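Visitor: Below you'll find entry.pdb; it's PDB, C-alpha atoms.
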```pdb
ATOM      1  CA  MET A   1     -36.807  63.165  13.297
ATOM      2  CA  PRO A   2     -39.227  60.223  13.360
ATOM      3  CA  THR A   3     -38.366  57.336  15.630
ATOM      4  CA  TRP A   4     -38.493  54.852  12.776
ATOM      5  CA  LEU A   5     -35.894  56.857  10.853
ATOM      6  CA  ILE A   6     -33.587  56.876  13.869
ATOM      7  CA  VAL A   7     -33.965  53.107  14.127
ATOM      8  CA  VAL A   8     -33.130  52.690  10.433
ATOM      9  CA  ILE A   9     -30.043  54.882  10.764
ATOM     10  CA  VAL A  10     -28.845  52.931  13.800
ATOM     11  CA  VAL A  11     -29.411  49.594  12.064
ATOM     12  CA  VAL A  12     -27.573  50.742   8.946
ATOM     13  CA  ALA A  13     -24.685  52.045  11.067
ATOM     14  CA  VAL A  14     -24.435  48.736  12.932
ATOM     15  CA  VAL A  15     -24.447  46.800   9.650
ATOM     16  CA  VAL A  16     -21.745  49.034   8.163
ATOM     17  CA  ILE A  17     -19.582  48.744  11.280
ATOM     18  CA  ALA A  18     -20.006  44.963  11.304
ATOM     19  CA  ALA A  19     -19.115  44.767   7.616
ATOM     20  CA  VAL A  20     -15.991  46.873   8.082
ATOM     21  CA  ALA A  21     -14.966  44.798  11.108
ATOM     22  CA  TRP A  22     -15.434  41.593   9.098
ATOM     23  CA  LEU A  23     -13.330  42.949   6.229
ATOM     24  CA  VAL A  24     -10.574  44.010   8.621
ATOM     25  CA  LEU A  25     -10.650  40.570  10.259
ATOM     26  CA  GLN A  26     -10.419  38.840   6.887
ATOM     27  CA  GLU A  27      -7.515  41.019   5.812
ATOM     28  CA  THR A  28      -5.712  40.390   9.098
ATOM     29  CA  GLN A  29      -6.240  36.652   8.659
ATOM     30  CA  ARG A  30      -4.975  36.790   5.083
ATOM     31  CA  LYS A  31      -1.788  38.611   6.066
ATOM     32  CA  ARG A  32      -1.193  36.242   8.981
ATOM     33  CA  LEU A  33      -1.556  33.179   6.781
ATOM     34  CA  GLN A  34       0.670  34.719   4.105
ATOM     35  CA  ARG A  35       3.403  35.352   6.670
ATOM     36  CA  LYS A  36       3.108  31.898   8.173
ATOM     37  CA  PHE A  37       2.802  29.777   5.040
ATOM     38  CA  GLY A  38       4.829  31.884   2.626
ATOM     39  CA  PRO A  39       4.910  30.255  -0.842
ATOM     40  CA  GLU A  40       2.394  27.670   0.349
ATOM     41  CA  TYR A  41      -0.217  30.412   0.641
ATOM     42  CA  THR A  42       0.199  31.278  -3.036
ATOM     43  CA  ARG A  43       0.088  27.606  -3.959
ATOM     44  CA  ALA A  44      -3.092  27.094  -1.927
ATOM     45  CA  VAL A  45      -4.756  30.043  -3.684
ATOM     46  CA  GLU A  46      -3.813  28.564  -7.063
ATOM     47  CA  GLU A  47      -5.129  25.118  -6.128
ATOM     48  CA  ASN A  48      -8.403  26.284  -4.576
ATOM     49  CA  GLU A  49     -11.378  27.958  -6.191
ATOM     50  CA  SER A  50     -10.839  31.276  -4.419
ATOM     51  CA  PRO A  51      -8.569  33.023  -1.892
ATOM     52  CA  ARG A  52     -11.199  32.487   0.801
ATOM     53  CA  ALA A  53     -11.277  28.755   0.058
ATOM     54  CA  ALA A  54      -7.488  28.710   0.290
ATOM     55  CA  GLN A  55      -7.597  30.482   3.639
ATOM     56  CA  ARG A  56     -10.112  27.951   4.947
ATOM     57  CA  ASP A  57      -7.850  25.155   3.768
ATOM     58  CA  LEU A  58      -4.815  26.626   5.516
ATOM     59  CA  ALA A  59      -6.787  27.319   8.690
ATOM     60  CA  ASP A  60      -7.941  23.684   8.657
ATOM     61  CA  ARG A  61      -4.313  22.604   8.422
ATOM     62  CA  GLU A  62      -3.507  24.708  11.478
ATOM     63  CA  ARG A  63      -6.350  23.166  13.465
ATOM     64  CA  ARG A  64      -5.265  19.650  12.524
ATOM     65  CA  HIS A  65      -1.662  20.474  13.406
ATOM     66  CA  GLN A  66      -2.706  21.651  16.867
ATOM     67  CA  GLU A  67      -4.209  18.236  17.524
ATOM     68  CA  LEU A  68      -1.006  16.411  16.619
ATOM     69  CA  ASP A  69       1.619  15.532  19.197
ATOM     70  CA  ILE A  70       4.516  17.298  17.490
ATOM     71  CA  HIS A  71       7.625  17.331  19.642
ATOM     72  CA  PRO A  72      11.348  18.065  19.284
ATOM     73  CA  LEU A  73      13.876  15.257  19.257
ATOM     74  CA  SER A  74      16.062  14.397  22.199
ATOM     75  CA  PRO A  75      19.800  15.051  21.678
ATOM     76  CA  SER A  76      20.482  11.314  21.464
ATOM     77  CA  THR A  77      17.776  10.813  18.838
ATOM     78  CA  ARG A  78      19.037  13.731  16.813
ATOM     79  CA  GLU A  79      22.520  12.256  16.893
ATOM     80  CA  ARG A  80      21.199   8.844  15.842
ATOM     81  CA  TYR A  81      19.453  10.311  12.816
ATOM     82  CA  ALA A  82      22.475  12.445  11.936
ATOM     83  CA  GLN A  83      24.609   9.308  11.920
ATOM     84  CA  ARG A  84      22.066   7.484   9.740
ATOM     85  CA  TRP A  85      22.145  10.324   7.265
ATOM     86  CA  ALA A  86      25.944  10.325   7.193
ATOM     87  CA  LEU A  87      25.891   6.619   6.300
ATOM     88  CA  ILE A  88      23.387   7.275   3.509
ATOM     89  CA  GLN A  89      25.637   9.942   2.030
ATOM     90  CA  GLU A  90      28.573   7.549   2.162
ATOM     91  CA  LYS A  91      26.464   4.925   0.406
ATOM     92  CA  PHE A  92      25.776   7.396  -2.403
ATOM     93  CA  VAL A  93      29.377   7.033  -3.598
ATOM     94  CA  ASP A  94      28.852   3.451  -4.783
ATOM     95  CA  GLN A  95      25.056   3.097  -4.782
ATOM     96  CA  PRO A  96      23.413   6.445  -5.610
ATOM     97  CA  ALA A  97      20.011   4.932  -6.438
ATOM     98  CA  GLY A  98      19.919   2.926  -3.210
ATOM     99  CA  ALA A  99      21.003   5.978  -1.223
ATOM    100  CA  VAL A 100      18.091   8.009  -2.604
ATOM    101  CA  ASP A 101      15.681   5.218  -1.638
ATOM    102  CA  GLU A 102      17.068   5.210   1.894
ATOM    103  CA  ALA A 103      16.960   9.015   2.081
ATOM    104  CA  ASP A 104      13.236   8.914   1.392
ATOM    105  CA  GLU A 105      12.735   6.190   3.993
ATOM    106  CA  VAL A 106      14.722   7.928   6.726
ATOM    107  CA  LEU A 107      12.906  11.210   6.097
ATOM    108  CA  VAL A 108       9.514   9.543   6.577
ATOM    109  CA  SER A 109      10.870   7.831   9.690
ATOM    110  CA  LEU A 110      12.024  11.202  11.022
ATOM    111  CA  MET A 111       8.561  12.674  10.429
ATOM    112  CA  ALA A 112       7.034   9.875  12.486
ATOM    113  CA  GLU A 113       9.650  10.387  15.205
ATOM    114  CA  ARG A 114       8.629  14.047  15.438
ATOM    115  CA  GLY A 115       4.961  13.047  15.735
ATOM    116  CA  TYR A 116       3.755  13.614  12.178
ATOM    117  CA  PRO A 117       1.371  11.047  10.672
ATOM    118  CA  THR A 118       2.850   9.442   7.571
ATOM    119  CA  GLU A 119      -0.192   7.803   5.998
ATOM    120  CA  GLY A 120       0.215   9.509   2.633
ATOM    121  CA  TYR A 121       2.397  11.944   0.714
ATOM    122  CA  ASP A 122      -0.310  14.600   0.242
ATOM    123  CA  GLN A 123      -1.180  14.533   3.943
ATOM    124  CA  GLN A 124       2.505  14.775   4.811
ATOM    125  CA  LEU A 125       2.743  17.957   2.743
ATOM    126  CA  SER A 126      -0.351  19.386   4.395
ATOM    127  CA  ASP A 127       0.892  18.676   7.926
ATOM    128  CA  LEU A 128       4.447  19.836   7.294
ATOM    129  CA  SER A 129       3.270  23.087   5.694
ATOM    130  CA  VAL A 130       2.236  24.534   9.059
ATOM    131  CA  ARG A 131       5.781  24.672  10.468
ATOM    132  CA  HIS A 132       8.048  23.720   7.586
ATOM    133  CA  SER A 133       6.571  25.531   4.593
ATOM    134  CA  SER A 134       9.938  26.993   3.550
ATOM    135  CA  THR A 135      11.356  23.561   2.684
ATOM    136  CA  LEU A 136       8.303  21.923   1.104
ATOM    137  CA  LYS A 137       9.476  22.817  -2.404
ATOM    138  CA  HIS A 138      12.528  20.674  -1.716
ATOM    139  CA  TYR A 139      10.405  17.775  -0.518
ATOM    140  CA  ARG A 140       8.236  18.014  -3.635
ATOM    141  CA  ALA A 141      11.303  18.081  -5.896
ATOM    142  CA  ALA A 142      12.922  15.121  -4.135
ATOM    143  CA  HIS A 143       9.693  13.125  -4.145
ATOM    144  CA  GLU A 144       9.142  13.787  -7.845
ATOM    145  CA  THR A 145      12.660  12.560  -8.640
ATOM    146  CA  HIS A 146      12.235   9.531  -6.394
ATOM    147  CA  THR A 147       8.974   8.658  -8.153
ATOM    148  CA  ARG A 148      10.609   8.925 -11.591
ATOM    149  CA  HIS A 149      13.548   6.898 -10.319
ATOM    150  CA  ALA A 150      11.152   4.047  -9.510
ATOM    151  CA  GLU A 151      10.002   4.040 -13.128
ATOM    152  CA  THR A 152      13.182   4.698 -15.074
ATOM    153  CA  ALA A 153      16.935   4.950 -14.613
ATOM    154  CA  LEU A 154      18.136   8.442 -13.733
ATOM    155  CA  SER A 155      21.561  10.008 -14.029
ATOM    156  CA  THR A 156      23.860  10.328 -11.038
ATOM    157  CA  GLU A 157      23.446  14.104 -11.285
ATOM    158  CA  GLU A 158      19.671  13.858 -10.983
ATOM    159  CA  LEU A 159      20.004  11.528  -8.012
ATOM    160  CA  ARG A 160      22.534  13.860  -6.396
ATOM    161  CA  ASP A 161      20.076  16.751  -6.745
ATOM    162  CA  ALA A 162      17.422  14.622  -5.044
ATOM    163  CA  MET A 163      19.824  13.969  -2.169
ATOM    164  CA  VAL A 164      20.418  17.711  -1.756
ATOM    165  CA  HIS A 165      16.670  18.326  -1.663
ATOM    166  CA  TYR A 166      16.098  15.501   0.815
ATOM    167  CA  ARG A 167      18.878  16.793   3.051
ATOM    168  CA  THR A 168      17.339  20.261   3.164
ATOM    169  CA  VAL A 169      14.075  18.839   4.495
ATOM    170  CA  PHE A 170      15.908  16.385   6.737
ATOM    171  CA  GLU A 171      17.928  19.124   8.445
ATOM    172  CA  ASP A 172      14.860  21.328   8.839
ATOM    173  CA  LEU A 173      12.958  18.516  10.565
ATOM    174  CA  LEU A 174      15.967  17.453  12.599
ATOM    175  CA  THR A 175      16.515  20.902  14.092
ATOM    176  CA  ASP A 176      12.989  22.302  13.645
ATOM    177  CA  GLY A 177      14.598  25.109  11.656
ATOM    178  CA  ALA A 178      16.520  26.434  14.674
ATOM    179  CA  ASP A 179      19.929  26.097  13.038
ATOM    180  CA  ARG A 180      18.963  27.069   9.485
ATOM    181  CA  PRO A 181      18.390  30.853   9.198
ATOM    182  CA  HIS A 182      19.644  30.860   5.619
ATOM    183  CA  GLY A 183      19.464  27.168   4.812
ATOM    184  CA  THR A 184      16.883  27.276   2.065
ATOM    185  CA  ASP A 185      18.809  29.749  -0.068
ATOM    186  CA  ARG A 186      22.038  27.889   0.523
ATOM    187  CA  GLU A 187      20.599  24.553  -0.512
ATOM    188  CA  GLN A 188      18.905  26.060  -3.554
ATOM    189  CA  ALA A 189      22.300  27.372  -4.620
ATOM    190  CA  ALA A 190      23.695  23.892  -4.122
ATOM    191  CA  VAL A 191      21.108  22.473  -6.512
ATOM    192  CA  ARG A 192      22.308  24.901  -9.159
ATOM    193  CA  GLY A 193      25.882  23.791  -8.540
ATOM    194  CA  GLY A 194      26.903  26.999  -6.855
ATOM    195  CA  ASN A 195      28.390  25.598  -3.630
ATOM    196  CA  ARG A 196      31.409  23.336  -3.840
ATOM    197  CA  HIS A 197      30.869  21.570  -0.541
ATOM    198  CA  GLU A 198      27.245  20.802  -1.159
ATOM    199  CA  ALA A 199      26.925  20.450  -4.895
ATOM    200  CA  GLY A 200      30.490  20.440  -6.202
ATOM    201  CA  ASN A 201      31.946  22.347  -9.121
ATOM    202  CA  GLU A 202      32.971  19.241 -11.015
ATOM    203  CA  ARG A 203      30.951  16.168 -11.864
ATOM    204  CA  SER A 204      33.589  13.759 -10.558
ATOM    205  CA  ASN A 205      33.550  15.496  -7.198
ATOM    206  CA  ASN A 206      29.717  15.263  -7.144
ATOM    207  CA  GLU A 207      29.801  11.507  -7.607
ATOM    208  CA  ARG A 208      32.575  11.076  -5.067
ATOM    209  CA  ASN A 209      30.874  13.144  -2.356
ATOM    210  CA  GLY A 210      27.264  12.175  -2.996
ATOM    211  CA  GLY A 211      25.757  15.599  -2.352
ATOM    212  CA  ARG A 212      27.791  16.363   0.715
TER     213      ARG A 212
END
```
Show me this structure written as C-alpha cells.
Guide:
Amino acid sequence: MPTWLIVVIVVVAVVVIAAVAWLVLQETQRKRLQRKFGPEYTRAVEENESPRAAQRDLADRERRHQELDIHPLSPSTRERYAQRWALIQEKFVDQPAGAVDEADEVLVSLMAERGYPTEGYDQQLSDLSVRHSSTLKHYRAAHETHTRHAETALSTEELRDAMVHYRTVFEDLLTDGADRPHGTDREQAAVRGGNRHEAGNERSNNERNGGR
C-alpha cells in the first residue's frame, strides 16, 4: 500500500473519531442542560434560533452564575423574611392589592439578600434559572399579574393567585429548595383551587386567608 494512501486513511480516521467525539460531547452537554434547566431548556430552544444557540445561552447563564456571590441565608435572616411574609399575608385580608405589591418587593429584596443582581426582570429570570428553574413559571405568572394590576383593577381571586405564585418562589429562594421536594406540584394544585389550606375551597375563605 502506498505511503500516501496510508496517510489519507489515518487522516480520515482521525477526522471521523474527532467528529464522533464532538457529537458525543454535544449530546452529553444537551442532556446535562436538559436535566439542570428542565422546562427552561425547552423555553430557551423555543426562544433561540436553534438548539445549539439555546445551549450556548444556557451555558452563558451558568458562567455568569459562577461569578455571582450566591450564598444561603443565616437562620436569623431566614426568620426575618419569614416574618415579613407572614405580615404580607395578613395584610392581604384587608388590602389584597397592596399585599401583592409588597410581595413583589420582598421577593426582589430576598434575591438581593441571596446575592442575585436585581437590575431588571429579564436578568433576574436568567440568573434564577440556573438554580431555581422549577419555580420560574410561578415568578413569570406572578409578575404578569402584578404588571396587569398596575394598569387595571383585578379581582381578589386573581390577586390571591399571584400571592400563591409569589410564595412558591419566595419559599424556594428562602430555603434554596432544600425543604420543597414536592413544592412545585403542591403550589400548582393550590392555584387550581385544589388545596384548602393554600387556595381554599370557597371564595370567602380565600379572601379571609389571603392565599395562606
Visitor: Name every residue that the PyMOL selection byres ((chain A and resi 115) around 8) selects in this structure, writing the answer as an MDAnalysis selection string with chains first and numbers rising.
Guide: chainID A and resid 68:71 111:114 116:117
Visitor: Restricting the calculation to all atoms listed in the file: of A:Gly38, A:Thr135, A:Pro2, A:Leu33, which residue gets closest to Arg56 (chain A)?
Guide: A:Leu33
Visitor: Do you have the CA of Arg80 (chain A)-CA of Thr168 (chain A) distance handy?
Guide: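 Taking CA of Arg80 (chain A) and CA of Thr168 (chain A), their separation equals 17.5 Å.
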Visitor: Can you build me a table of region 144-177 of chain A residues sitting at most 10 Å from region 82-91 of chain A, with the closest atom pair per residue and its distance in Å to one decimal, using all atoms listed in the file, sorted by chain and residue number, as CSV?
Guide:
```
residue,atom,partner,partner_atom,distance
A:Arg160,CA,A:Gln89,CA,9.8
A:Met163,CA,A:Gln89,CA,8.2
A:Arg167,CA,A:Trp85,CA,8.4
A:Phe170,CA,A:Trp85,CA,8.7
A:Glu171,CA,A:Ala82,CA,8.8
A:Leu174,CA,A:Ala82,CA,8.2
```
Visitor: Between A:His146, A:Lys36, A:His165, A:Arg131, which is the closest to Ala97 (chain A) once you count only C-alpha atoms?
Guide: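 Going through A:His146, A:Lys36, A:His165, A:Arg131 one by one, the smallest distance to Ala97 (chain A) is for A:His146.
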Visitor: Could you check which of A:Ala18, A:Val130, A:Val106, A:Val10 is closest to Ala59 (chain A), using only C-alpha atoms?
Guide: A:Val130
Visitor: Provide the CA of Phe37 (chain A) to CA of His65 (chain A) distance in Å, to one decimal place.
Guide: 13.3 Å
Visitor: Given the choices A:Asp101, A:Glu151, A:Asp127, A:Glu158, which gets closest to Arg63 (chain A) if the distance is worked out from only C-alpha atoms?
Guide: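 Closest to Arg63 (chain A), using only C-alpha atoms: A:Asp127.
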Visitor: Just to confirm, what's the straight-line distance from CA of Asp172 (chain A) to CA of Ser155 (chain A) in Å (one decimal)?
Guide: 26.4 Å
